[in-house]
Structure formats: C-alpha cells, structure tokens
Amino acid sequence: FLLLLLLLLLLLLLLFLLRRMMNSAVLLRGRSVPTIRLMNYGSTQKQMSSKAAASNESGFLGKLWNKYSISGQQSRIELAERYFRAAQIRADDPHWYGPGRIGREFRPRHAMLTMHLWFLNKRLLKDPLDSHNSLMVQEELFDLFWHDTKARIRAEGINELTVNKHLKDVQQVTFQHLTHYDHAYSEYETEPKKRYEELQGLIWMHLLMKDPDNVYDDHLKRMAYYIEAQYFNIVVTLPDQYFRQARIAWVDLPDFSQMKDMKGKTLPNIPLNPEDVLPEGWHKALTDSGKVYYWNPSKKKTQWSRPVL
C-alpha cells in the first residue's frame, strides 16, 4: 500500500513538473515574430467536446488527470484563447471608437475588452456540467488577459522597469470594473429598472472615463441596453454546446445614429477613424514587446505591414 501511495505521489509530481514546463513554453513561445495558433472548427470542437464529456464522467481521477496532464492543459489554453479572441475582436470594432464616442486611449479600450470578457466569465461560472474545468479555463483566460495587457502597456511606450507596476494599477481598476458589473446584476437581479440605471452610471465611470463633456442620457441608455441584451444572450440563451466550443455570437452593436444631447438636439455623427478600419477578416494584434502586427484567421496569414483596403 505504501509503495502504491509513493508511486502515485511520484506520478502527481511528474505531472505537476510537466505542467510547469508547459506553462513556461506557452509564455516563451515565438511571439517575437507574428505567429498565432489558428484552429479549425469541426475536428477541434469535437475534440474539446469529447474531452469535456470524459472529464465529467471520470470522477476524481479524471479531474486530477485533466488538471495536470499536458493534453488537458493544452485543451484549456486553446479554449481560453478562442474566448479571448472573440472578446478582443468585438472590443476592437471601430464603431465603438467613432460613432460610439468611446475614447481611443488605453483605458477606454481596456474597459471595452474587460466588459466583453466579463460576459464570458459569467457564463463560465454558471456551467452546470463541469464547474471544475470551467474554473481552470477561467484561470487560463485571465492569464491571457494580463499577458495581453502587458503587451498593450509596452505599446504605450512605458519604460520596461515600470511595466509590472502599471500592470498592477490596471489590474486594480479592472477588478473594480468587474465587481461593478457583478454588483449591478446581483444587487438588482429582480429590479431591472434600477439595474438599468446602475449600468448607465457604470458606463459613464468606466467606458466614458467620467468625461463631463461626453455624457448624454441617450448615449448611456443605448449602451446600457446593449449590456442587458448581451448579458441575456451570452449568459442565458447561448446553447451550452456552442459555448463549450467558443462559438460566440454577439448581439449587434448599438445604433449610434441620431443620438440626442441633453437638450434634445441631434448630435453630429462621428465617422469611423481610418486608423481603426482594416480590410474584412484582418485584425490587429501585438507581440509581447508591444509591436503591432496583423493577422487573418480565415487566410491563416500574419504580417507586419498594415493590409490595405
């Protein structure tokens, strides 16, 4: 019995060391050149679904294996990357930063990404079949989020010696932002009118940076309605099988045309910023050092130069 126990402990230690080695490989993998893992819908989705089902059915030992095995962690990393890319692409939509009147600076953009990751995080936390695996995917998702945040901080030209300090500051603001959403939906779960008002204050604080020159009730109401619709879409109605494959279908962006100011006058439309507009299928990304590159998942192509319309 003692010998079997010792062998089991050695096996767990080996799996733990392999997981740490894989973590290091993930953090150090080649992002000094523009590369990105592109996964094929179909076979990859079936693999993820079968792994999730196996995890549900195999009990304690299965969960232990899923946590420490290389294949289990690889599956979680791939799924978390798909969630993160879905949120990132929606948060980077140029309509937010033109007609939507959201600032193009670091903090408003970060807040927009935070908002969409919050929707996905809430759905992960309510997974009825495998909450254990969902928590581990959540951990991978936020690891990716902070990794990406550091790259965006470097892209701002911040001195490398102060990057970690700035990251902690951003994390603190981000946690406040996430907690504010949680409060709105827990405190006013059965009071939609009060929740709607709370969301408007949240938008002004986190997305509009409390800018007194850029606050209009009509704008806040349209944004709050988007959050309500998106919450219902992602957290309540998106089928489990699609969510576990990271097939995220967002609701449409708000219609920002014909918005009214506080006196009822129609606000002038703000056009898209040309710097935010890319050819269809192309997205902007950053290396670890904060250098911009462009990738097209459908064409499985990455490049340093900006693609032309």
# chains A, B, ... in the order shown; residues from 1 in each chain; ligands from 1
>>> closest_atom_pairs(of="region 219-281 of chain A", to="region 185-209 of chain A", cutoff="9 Å", atoms="only C-alpha atoms", output="CSV")
residue,atom,partner,partner_atom,distance
A:Leu220,CA,A:Gln200,CA,5.3
A:Lys221,CA,A:Gln200,CA,6.5
A:Met223,CA,A:Ile203,CA,7.4
A:Ala224,CA,A:Leu199,CA,5.6
A:Tyr225,CA,A:Tyr196,CA,7.6
A:Ile227,CA,A:Leu199,CA,7.9
A:Glu228,CA,A:Tyr196,CA,7.9
>>> write_last_selection(atoms="all heavy atoms", output="mmCIF file, in the first residue's frame")
data_model
loop_
_atom_site.group_PDB
_atom_site.id
_atom_site.type_symbol
_atom_site.label_atom_id
_atom_site.label_comp_id
_atom_site.auth_asym_id
_atom_site.auth_seq_id
_atom_site.Cartn_x
_atom_site.Cartn_y
_atom_site.Cartn_z
ATOM 1 N N LEU A 220 -26.009 56.881 -22.998
ATOM 2 C CA LEU A 220 -25.903 55.952 -21.874
ATOM 3 C C LEU A 220 -26.985 54.880 -21.942
ATOM 4 O O LEU A 220 -26.723 53.702 -21.655
ATOM 5 C CB LEU A 220 -26.001 56.716 -20.553
ATOM 6 C CG LEU A 220 -24.863 57.696 -20.243
ATOM 7 C CD1 LEU A 220 -25.152 58.462 -18.961
ATOM 8 C CD2 LEU A 220 -23.527 56.968 -20.141
ATOM 9 N N LYS A 221 -28.193 55.262 -22.323
ATOM 10 C CA LYS A 221 -29.296 54.302 -22.406
ATOM 11 C C LYS A 221 -29.054 53.265 -23.495
ATOM 12 O O LYS A 221 -29.340 52.070 -23.310
ATOM 13 C CB LYS A 221 -30.609 55.037 -22.650
ATOM 14 C CG LYS A 221 -31.102 55.835 -21.445
ATOM 15 C CD LYS A 221 -32.369 56.602 -21.765
ATOM 16 C CE LYS A 221 -32.850 57.406 -20.557
ATOM 17 N NZ LYS A 221 -34.063 58.195 -20.859
ATOM 18 N N MET A 223 -26.134 52.267 -24.617
ATOM 19 C CA MET A 223 -25.059 51.390 -24.155
ATOM 20 C C MET A 223 -25.555 50.421 -23.084
ATOM 21 O O MET A 223 -25.196 49.231 -23.074
ATOM 22 C CB MET A 223 -23.909 52.230 -23.617
ATOM 23 C CG MET A 223 -23.132 53.003 -24.671
ATOM 24 S SD MET A 223 -22.160 51.919 -25.751
ATOM 25 C CE MET A 223 -21.003 51.228 -24.570
ATOM 26 N N ALA A 224 -26.382 50.923 -22.157
ATOM 27 C CA ALA A 224 -26.921 50.061 -21.100
ATOM 28 C C ALA A 224 -27.811 48.973 -21.687
ATOM 29 O O ALA A 224 -27.791 47.815 -21.228
ATOM 30 C CB ALA A 224 -27.696 50.901 -20.087
ATOM 31 N N TYR A 225 -28.582 49.328 -22.711
ATOM 32 C CA TYR A 225 -29.429 48.330 -23.357
ATOM 33 C C TYR A 225 -28.557 47.242 -24.009
ATOM 34 O O TYR A 225 -28.901 46.053 -23.982
ATOM 35 C CB TYR A 225 -30.330 48.987 -24.401
ATOM 36 C CG TYR A 225 -31.226 48.003 -25.115
ATOM 37 C CD1 TYR A 225 -32.404 47.561 -24.516
ATOM 38 C CD2 TYR A 225 -30.888 47.501 -26.370
ATOM 39 C CE1 TYR A 225 -33.225 46.644 -25.157
ATOM 40 C CE2 TYR A 225 -31.699 46.584 -27.004
ATOM 41 C CZ TYR A 225 -32.866 46.161 -26.395
ATOM 42 O OH TYR A 225 -33.658 45.240 -27.031
ATOM 43 N N ILE A 227 -25.643 46.199 -22.966
ATOM 44 C CA ILE A 227 -25.146 45.318 -21.905
ATOM 45 C C ILE A 227 -26.231 44.342 -21.472
ATOM 46 O O ILE A 227 -25.980 43.142 -21.302
ATOM 47 C CB ILE A 227 -24.639 46.147 -20.713
ATOM 48 C CG1 ILE A 227 -23.412 46.965 -21.126
ATOM 49 C CG2 ILE A 227 -24.292 45.243 -19.525
ATOM 50 C CD1 ILE A 227 -22.899 47.910 -20.043
ATOM 51 N N GLU A 228 -27.455 44.835 -21.294
ATOM 52 C CA GLU A 228 -28.553 43.963 -20.901
ATOM 53 C C GLU A 228 -28.795 42.876 -21.955
ATOM 54 O O GLU A 228 -28.958 41.698 -21.621
ATOM 55 C CB GLU A 228 -29.823 44.793 -20.707
ATOM 56 C CG GLU A 228 -29.816 45.670 -19.478
ATOM 57 C CD GLU A 228 -30.287 44.926 -18.230
ATOM 58 O OE1 GLU A 228 -29.639 43.922 -17.853
ATOM 59 O OE2 GLU A 228 -31.285 45.329 -17.639
#
>>> residues_around(residues="Leu272 (chain A)", least_positions_apart="3", cutoff="7 Å", atoms="only C-alpha atoms", output="ChimeraX atom specification")
/A:94-95,98-99
>>> write_last_selection(atoms="N, CA and C atoms", output="PDB file, in the first residue's frame")
ATOM      1  N   PRO A  94     -14.341  49.059 -34.789  1.00  0.00           N
ATOM      2  CA  PRO A  94     -14.109  50.509 -34.919  1.00  0.00           C
ATOM      3  C   PRO A  94     -15.328  51.368 -34.647  1.00  0.00           C
ATOM      4  N   HIS A  95     -16.535  50.798 -34.688  1.00  0.00           N
ATOM      5  CA  HIS A  95     -17.733  51.590 -34.442  1.00  0.00           C
ATOM      6  C   HIS A  95     -17.808  52.092 -32.997  1.00  0.00           C
ATOM      7  N   GLY A  98     -15.696  55.474 -32.977  1.00  0.00           N
ATOM      8  CA  GLY A  98     -16.116  56.552 -33.870  1.00  0.00           C
ATOM      9  C   GLY A  98     -17.528  56.953 -33.508  1.00  0.00           C
ATOM     10  N   PRO A  99     -18.537  56.370 -34.161  1.00  0.00           N
ATOM     11  CA  PRO A  99     -19.924  56.689 -33.845  1.00  0.00           C
ATOM     12  C   PRO A  99     -20.292  56.445 -32.380  1.00  0.00           C
TER      13      PRO A  99
END
>>> residues_around(residues="region 293-309 of chain A", least_positions_apart="4", cutoff="6 Å", atoms="only C-alpha atoms", output="NGL selection string")
:A and (34 or 279 or 281-286)
>>> residues_around(residues="Trp96 (chain A)", least_positions_apart="4", cutoff="12 Å", atoms="only C-alpha atoms", output="list in words")
Ile89, Arg90, Ala91, Asp92, Gly100, Arg101, Ile102, Gly103, Arg104, Pro108, Arg109, Ala111, Met112, Leu113, Leu207, Leu208, His219, Met223, Asp252, Leu253, Pro254, Asp255, Phe256, Ile270, Pro271, Leu272, Asn273, Asp276 and Val277 of chain A
>>> select_by_dssp(residues="region 117-207 of chain A", states="alpha helix (DSSP H)", output="ChimeraX atom specification")
/A:117-125,131-155,163-187,192-202
>>> atom_distance(atom1="CA of Val251 (chain A)", atom2="CA of Trp146 (chain A)")
25.7 Å
>>> closest_atom_pairs(of="region 112-164 of chain A", to="region 69-87 of chain A", cutoff="8 Å", atoms="only C-alpha atoms", output="JSON lines")
{"residue": "A:Leu113", "atom": "CA", "partner": "A:Ala87", "partner_atom": "CA", "distance": 6.4}
{"residue": "A:His116", "atom": "CA", "partner": "A:Ala87", "partner_atom": "CA", "distance": 5.3}
{"residue": "A:Leu117", "atom": "CA", "partner": "A:Ala87", "partner_atom": "CA", "distance": 5.9}
{"residue": "A:Leu120", "atom": "CA", "partner": "A:Tyr83", "partner_atom": "CA", "distance": 7.3}
{"residue": "A:Met136", "atom": "CA", "partner": "A:Arg76", "partner_atom": "CA", "distance": 7.3}
{"residue": "A:Val137", "atom": "CA", "partner": "A:Arg76", "partner_atom": "CA", "distance": 5.3}
{"residue": "A:Gln138", "atom": "CA", "partner": "A:Ala80", "partner_atom": "CA", "distance": 7.3}
{"residue": "A:Glu140", "atom": "CA", "partner": "A:Ala80", "partner_atom": "CA", "distance": 5.9}
{"residue": "A:Leu141", "atom": "CA", "partner": "A:Ala80", "partner_atom": "CA", "distance": 4.8}
{"residue": "A:Leu144", "atom": "CA", "partner": "A:Glu81", "partner_atom": "CA", "distance": 7.3}
{"residue": "A:Phe145", "atom": "CA", "partner": "A:Phe84", "partner_atom": "CA", "distance": 7.4}
>>> atom_distance(atom1="CA of Asn133 (chain A)", atom2="CA of Asp182 (chain A)")
21.6 Å
>>> residues_around(residues="region 152-157 of chain A", least_positions_apart="6", cutoff="12 Å", atoms="only C-alpha atoms", output="PyMOL selection string")
chain A and resi 105-107+109-110+145-146+163-171+284-293
>>> atom_distance(atom1="CA of Asp217 (chain A)", atom2="CA of Tyr97 (chain A)")
18.1 Å
>>> select_by_dssp(residues="region 221-299 of chain A", states="strand (DSSP E)", output="PyMOL selection string")
chain A and resi 283-286+292-296
>>> write_last_selection(atoms="all heavy atoms", output="mmCIF file, in the first residue's frame")
data_model
loop_
_atom_site.group_PDB
_atom_site.id
_atom_site.type_symbol
_atom_site.label_atom_id
_atom_site.label_comp_id
_atom_site.auth_asym_id
_atom_site.auth_seq_id
_atom_site.Cartn_x
_atom_site.Cartn_y
_atom_site.Cartn_z
ATOM 1 N N HIS A 283 -7.210 41.557 -38.502
ATOM 2 C CA HIS A 283 -7.249 42.067 -37.132
ATOM 3 C C HIS A 283 -5.852 42.521 -36.728
ATOM 4 O O HIS A 283 -4.841 41.989 -37.220
ATOM 5 C CB HIS A 283 -7.740 40.991 -36.166
ATOM 6 C CG HIS A 283 -9.037 40.370 -36.574
ATOM 7 N ND1 HIS A 283 -10.252 41.006 -36.434
ATOM 8 C CD2 HIS A 283 -9.303 39.159 -37.140
ATOM 9 C CE1 HIS A 283 -11.206 40.220 -36.885
ATOM 10 N NE2 HIS A 283 -10.666 39.099 -37.324
ATOM 11 N N LYS A 284 -5.829 43.480 -35.827
ATOM 12 C CA LYS A 284 -4.548 43.962 -35.307
ATOM 13 C C LYS A 284 -4.217 43.238 -34.012
ATOM 14 O O LYS A 284 -5.097 42.992 -33.191
ATOM 15 C CB LYS A 284 -4.615 45.470 -35.069
ATOM 16 C CG LYS A 284 -3.297 46.085 -34.638
ATOM 17 C CD LYS A 284 -3.349 47.610 -34.684
ATOM 18 C CE LYS A 284 -4.119 48.167 -33.526
ATOM 19 N NZ LYS A 284 -3.995 49.644 -33.419
ATOM 20 N N ALA A 285 -2.948 42.902 -33.825
ATOM 21 C CA ALA A 285 -2.502 42.225 -32.607
ATOM 22 C C ALA A 285 -1.131 42.775 -32.212
ATOM 23 O O ALA A 285 -0.534 43.575 -32.937
ATOM 24 C CB ALA A 285 -2.458 40.717 -32.816
ATOM 25 N N LEU A 286 -0.654 42.335 -31.051
ATOM 26 C CA LEU A 286 0.623 42.817 -30.531
ATOM 27 C C LEU A 286 1.518 41.646 -30.155
ATOM 28 O O LEU A 286 1.045 40.611 -29.665
ATOM 29 C CB LEU A 286 0.407 43.691 -29.284
ATOM 30 C CG LEU A 286 -0.364 44.999 -29.458
ATOM 31 C CD1 LEU A 286 -0.662 45.605 -28.098
ATOM 32 C CD2 LEU A 286 0.420 45.970 -30.321
ATOM 33 N N VAL A 292 3.166 46.050 -33.219
ATOM 34 C CA VAL A 292 1.922 45.739 -33.920
ATOM 35 C C VAL A 292 2.179 44.791 -35.092
ATOM 36 O O VAL A 292 3.157 44.942 -35.828
ATOM 37 C CB VAL A 292 1.257 47.034 -34.439
ATOM 38 C CG1 VAL A 292 0.027 46.710 -35.296
ATOM 39 C CG2 VAL A 292 0.864 47.943 -33.278
ATOM 40 N N TYR A 293 1.304 43.802 -35.238
ATOM 41 C CA TYR A 293 1.262 43.004 -36.459
ATOM 42 C C TYR A 293 -0.198 42.726 -36.789
ATOM 43 O O TYR A 293 -1.107 43.072 -36.021
ATOM 44 C CB TYR A 293 2.064 41.701 -36.329
ATOM 45 C CG TYR A 293 1.497 40.670 -35.378
ATOM 46 C CD1 TYR A 293 0.641 39.673 -35.820
ATOM 47 C CD2 TYR A 293 1.858 40.684 -34.021
ATOM 48 C CE1 TYR A 293 0.133 38.714 -34.967
ATOM 49 C CE2 TYR A 293 1.357 39.724 -33.152
ATOM 50 C CZ TYR A 293 0.501 38.748 -33.625
ATOM 51 O OH TYR A 293 0.000 37.802 -32.762
ATOM 52 N N TYR A 294 -0.452 42.117 -37.936
ATOM 53 C CA TYR A 294 -1.817 41.908 -38.412
ATOM 54 C C TYR A 294 -2.007 40.438 -38.766
ATOM 55 O O TYR A 294 -1.087 39.784 -39.271
ATOM 56 C CB TYR A 294 -2.088 42.796 -39.627
ATOM 57 C CG TYR A 294 -1.888 44.264 -39.324
ATOM 58 C CD1 TYR A 294 -0.641 44.867 -39.497
ATOM 59 C CD2 TYR A 294 -2.932 45.041 -38.830
ATOM 60 C CE1 TYR A 294 -0.443 46.204 -39.189
ATOM 61 C CE2 TYR A 294 -2.743 46.384 -38.520
ATOM 62 C CZ TYR A 294 -1.499 46.955 -38.697
ATOM 63 O OH TYR A 294 -1.314 48.279 -38.377
ATOM 64 N N TRP A 295 -3.192 39.941 -38.471
ATOM 65 C CA TRP A 295 -3.457 38.520 -38.751
ATOM 66 C C TRP A 295 -4.851 38.338 -39.327
ATOM 67 O O TRP A 295 -5.764 39.114 -39.059
ATOM 68 C CB TRP A 295 -3.271 37.669 -37.503
ATOM 69 C CG TRP A 295 -4.245 37.932 -36.386
ATOM 70 C CD1 TRP A 295 -4.318 39.043 -35.600
ATOM 71 C CD2 TRP A 295 -5.285 37.065 -35.935
ATOM 72 N NE1 TRP A 295 -5.332 38.924 -34.680
ATOM 73 C CE2 TRP A 295 -5.945 37.713 -34.861
ATOM 74 C CE3 TRP A 295 -5.725 35.794 -36.326
ATOM 75 C CZ2 TRP A 295 -7.008 37.151 -34.180
ATOM 76 C CZ3 TRP A 295 -6.804 35.226 -35.637
ATOM 77 C CH2 TRP A 295 -7.428 35.905 -34.578
ATOM 78 N N ASN A 296 -4.966 37.312 -40.152
ATOM 79 C CA ASN A 296 -6.221 36.982 -40.806
ATOM 80 C C ASN A 296 -6.492 35.499 -40.569
ATOM 81 O O ASN A 296 -5.846 34.646 -41.185
ATOM 82 C CB ASN A 296 -6.143 37.281 -42.304
ATOM 83 C CG ASN A 296 -7.477 37.137 -42.993
ATOM 84 O OD1 ASN A 296 -8.208 36.175 -42.772
ATOM 85 N ND2 ASN A 296 -7.807 38.098 -43.856
#
>>> closest_residue(among="A:Tyr216, A:Ala246, A:Pro239, A:Arg222", to="Lys265 (chain A)", atoms="only C-alpha atoms")
A:Tyr216
>>> decode(residues="region 158-288 of chain A", atoms="C-alpha atoms", output="mmCIF file, in the first residue's frame")
data_model
loop_
_atom_site.group_PDB
_atom_site.id
_atom_site.type_symbol
_atom_site.label_atom_id
_atom_site.label_comp_id
_atom_site.auth_asym_id
_atom_site.auth_seq_id
_atom_site.Cartn_x
_atom_site.Cartn_y
_atom_site.Cartn_z
ATOM 1 C CA ILE A 158 6.185 52.658 -20.978
ATOM 2 C CA ASN A 159 9.651 52.077 -19.546
ATOM 3 C CA GLU A 160 10.188 48.336 -19.142
ATOM 4 C CA LEU A 161 11.210 48.761 -15.499
ATOM 5 C CA THR A 162 7.753 50.120 -14.645
ATOM 6 C CA VAL A 163 5.617 47.739 -16.729
ATOM 7 C CA ASN A 164 4.740 45.483 -13.791
ATOM 8 C CA LYS A 165 3.818 48.471 -11.635
ATOM 9 C CA HIS A 166 1.487 49.767 -14.344
ATOM 10 C CA LEU A 167 0.047 46.271 -14.750
ATOM 11 C CA LYS A 168 -0.870 46.172 -11.043
ATOM 12 C CA ASP A 169 -2.554 49.561 -11.356
ATOM 13 C CA VAL A 170 -4.540 48.368 -14.377
ATOM 14 C CA GLN A 171 -5.493 45.145 -12.595
ATOM 15 C CA GLN A 172 -6.834 47.100 -9.642
ATOM 16 C CA VAL A 173 -9.030 49.248 -11.886
ATOM 17 C CA THR A 174 -10.116 46.151 -13.830
ATOM 18 C CA PHE A 175 -11.205 44.305 -10.690
ATOM 19 C CA GLN A 176 -13.243 47.338 -9.646
ATOM 20 C CA HIS A 177 -14.850 47.346 -13.082
ATOM 21 C CA LEU A 178 -15.708 43.635 -12.932
ATOM 22 C CA THR A 179 -17.035 43.978 -9.390
ATOM 23 C CA HIS A 180 -19.254 46.851 -10.503
ATOM 24 C CA TYR A 181 -20.919 44.610 -13.108
ATOM 25 C CA ASP A 182 -21.325 41.838 -10.527
ATOM 26 C CA HIS A 183 -22.953 44.286 -8.121
ATOM 27 C CA ALA A 184 -25.396 45.553 -10.746
ATOM 28 C CA TYR A 185 -26.624 42.039 -11.559
ATOM 29 C CA SER A 186 -26.652 40.665 -8.020
ATOM 30 C CA GLU A 187 -27.987 43.662 -6.087
ATOM 31 C CA TYR A 188 -30.688 44.455 -8.663
ATOM 32 C CA GLU A 189 -31.353 40.986 -10.047
ATOM 33 C CA THR A 190 -35.122 41.392 -9.648
ATOM 34 C CA GLU A 191 -35.213 45.155 -10.225
ATOM 35 C CA PRO A 192 -34.457 45.726 -13.918
ATOM 36 C CA LYS A 193 -35.192 49.466 -13.794
ATOM 37 C CA LYS A 194 -32.646 50.095 -11.019
ATOM 38 C CA ARG A 195 -30.149 47.783 -12.730
ATOM 39 C CA TYR A 196 -30.580 49.729 -15.959
ATOM 40 C CA GLU A 197 -29.801 52.970 -14.106
ATOM 41 C CA GLU A 198 -26.809 51.361 -12.381
ATOM 42 C CA LEU A 199 -25.425 50.237 -15.732
ATOM 43 C CA GLN A 200 -25.643 53.788 -17.068
ATOM 44 C CA GLY A 201 -23.531 55.036 -14.168
ATOM 45 C CA LEU A 202 -21.102 52.175 -14.738
ATOM 46 C CA ILE A 203 -20.719 53.114 -18.406
ATOM 47 C CA TRP A 204 -20.047 56.757 -17.578
ATOM 48 C CA MET A 205 -17.459 55.765 -14.979
ATOM 49 C CA HIS A 206 -15.535 53.017 -16.766
ATOM 50 C CA LEU A 207 -16.093 53.483 -20.507
ATOM 51 C CA LEU A 208 -16.501 57.251 -20.760
ATOM 52 C CA MET A 209 -13.940 57.983 -18.021
ATOM 53 C CA LYS A 210 -16.348 60.375 -16.228
ATOM 54 C CA ASP A 211 -15.904 62.876 -19.034
ATOM 55 C CA PRO A 212 -18.395 65.710 -18.320
ATOM 56 C CA ASP A 213 -18.222 66.854 -21.940
ATOM 57 C CA ASN A 214 -19.148 63.447 -23.322
ATOM 58 C CA VAL A 215 -22.198 62.377 -21.331
ATOM 59 C CA TYR A 216 -25.664 62.171 -22.881
ATOM 60 C CA ASP A 217 -28.629 60.251 -21.485
ATOM 61 C CA ASP A 218 -29.485 58.895 -24.926
ATOM 62 C CA HIS A 219 -25.952 57.515 -25.337
ATOM 63 C CA LEU A 220 -25.903 55.952 -21.874
ATOM 64 C CA LYS A 221 -29.296 54.302 -22.406
ATOM 65 C CA ARG A 222 -28.250 52.746 -25.710
ATOM 66 C CA MET A 223 -25.059 51.390 -24.155
ATOM 67 C CA ALA A 224 -26.921 50.061 -21.100
ATOM 68 C CA TYR A 225 -29.429 48.330 -23.357
ATOM 69 C CA TYR A 226 -26.523 46.673 -25.196
ATOM 70 C CA ILE A 227 -25.146 45.318 -21.905
ATOM 71 C CA GLU A 228 -28.553 43.963 -20.901
ATOM 72 C CA ALA A 229 -29.067 42.323 -24.300
ATOM 73 C CA GLN A 230 -25.541 40.913 -24.354
ATOM 74 C CA TYR A 231 -25.854 39.504 -20.843
ATOM 75 C CA PHE A 232 -29.072 37.710 -21.754
ATOM 76 C CA ASN A 233 -27.503 36.490 -24.989
ATOM 77 C CA ILE A 234 -24.249 35.091 -23.568
ATOM 78 C CA VAL A 235 -25.156 34.103 -20.027
ATOM 79 C CA VAL A 236 -28.723 32.891 -20.532
ATOM 80 C CA THR A 237 -29.564 31.865 -24.091
ATOM 81 C CA LEU A 238 -26.335 30.790 -25.860
ATOM 82 C CA PRO A 239 -26.542 26.975 -26.167
ATOM 83 C CA ASP A 240 -24.074 25.051 -23.996
ATOM 84 C CA GLN A 241 -22.686 23.102 -26.943
ATOM 85 C CA TYR A 242 -21.787 26.321 -28.763
ATOM 86 C CA PHE A 243 -20.297 27.991 -25.716
ATOM 87 C CA ARG A 244 -18.077 24.996 -24.906
ATOM 88 C CA GLN A 245 -16.723 25.251 -28.448
ATOM 89 C CA ALA A 246 -16.211 29.027 -28.034
ATOM 90 C CA ARG A 247 -18.628 29.716 -30.876
ATOM 91 C CA ILE A 248 -19.604 33.145 -29.601
ATOM 92 C CA ALA A 249 -22.345 35.031 -31.445
ATOM 93 C CA TRP A 250 -22.548 38.560 -30.061
ATOM 94 C CA VAL A 251 -25.668 40.697 -30.356
ATOM 95 C CA ASP A 252 -25.466 43.640 -32.749
ATOM 96 C CA LEU A 253 -23.709 46.824 -31.677
ATOM 97 C CA PRO A 254 -25.962 49.702 -30.610
ATOM 98 C CA ASP A 255 -27.269 52.025 -33.293
ATOM 99 C CA PHE A 256 -25.424 55.276 -32.570
ATOM 100 C CA SER A 257 -27.135 57.341 -35.269
ATOM 101 C CA GLN A 258 -29.485 60.230 -34.477
ATOM 102 C CA MET A 259 -28.454 60.445 -30.840
ATOM 103 C CA LYS A 260 -29.787 63.383 -28.824
ATOM 104 C CA ASP A 261 -27.943 65.700 -26.469
ATOM 105 C CA MET A 262 -29.295 66.768 -23.077
ATOM 106 C CA LYS A 263 -31.440 69.450 -24.765
ATOM 107 C CA GLY A 264 -32.974 67.076 -27.294
ATOM 108 C CA LYS A 265 -30.893 68.245 -30.243
ATOM 109 C CA THR A 266 -29.488 65.664 -32.645
ATOM 110 C CA LEU A 267 -25.768 65.101 -32.141
ATOM 111 C CA PRO A 268 -23.497 65.136 -35.208
ATOM 112 C CA ASN A 269 -22.444 61.689 -36.337
ATOM 113 C CA ILE A 270 -18.786 60.843 -35.776
ATOM 114 C CA PRO A 271 -17.215 58.890 -38.658
ATOM 115 C CA LEU A 272 -15.034 55.824 -38.269
ATOM 116 C CA ASN A 273 -11.405 56.561 -37.569
ATOM 117 C CA PRO A 274 -9.370 55.374 -40.597
ATOM 118 C CA GLU A 275 -6.688 54.009 -38.269
ATOM 119 C CA ASP A 276 -9.217 51.569 -36.785
ATOM 120 C CA VAL A 277 -10.569 50.270 -40.110
ATOM 121 C CA LEU A 278 -8.973 47.182 -41.661
ATOM 122 C CA PRO A 279 -9.962 45.043 -44.661
ATOM 123 C CA GLU A 280 -12.561 42.391 -43.875
ATOM 124 C CA GLY A 281 -11.109 39.432 -41.981
ATOM 125 C CA TRP A 282 -7.993 41.271 -40.777
ATOM 126 C CA HIS A 283 -7.249 42.067 -37.132
ATOM 127 C CA LYS A 284 -4.548 43.962 -35.307
ATOM 128 C CA ALA A 285 -2.502 42.225 -32.607
ATOM 129 C CA LEU A 286 0.623 42.817 -30.531
ATOM 130 C CA THR A 287 3.777 40.861 -29.841
ATOM 131 C CA ASP A 288 4.990 40.537 -26.243
#
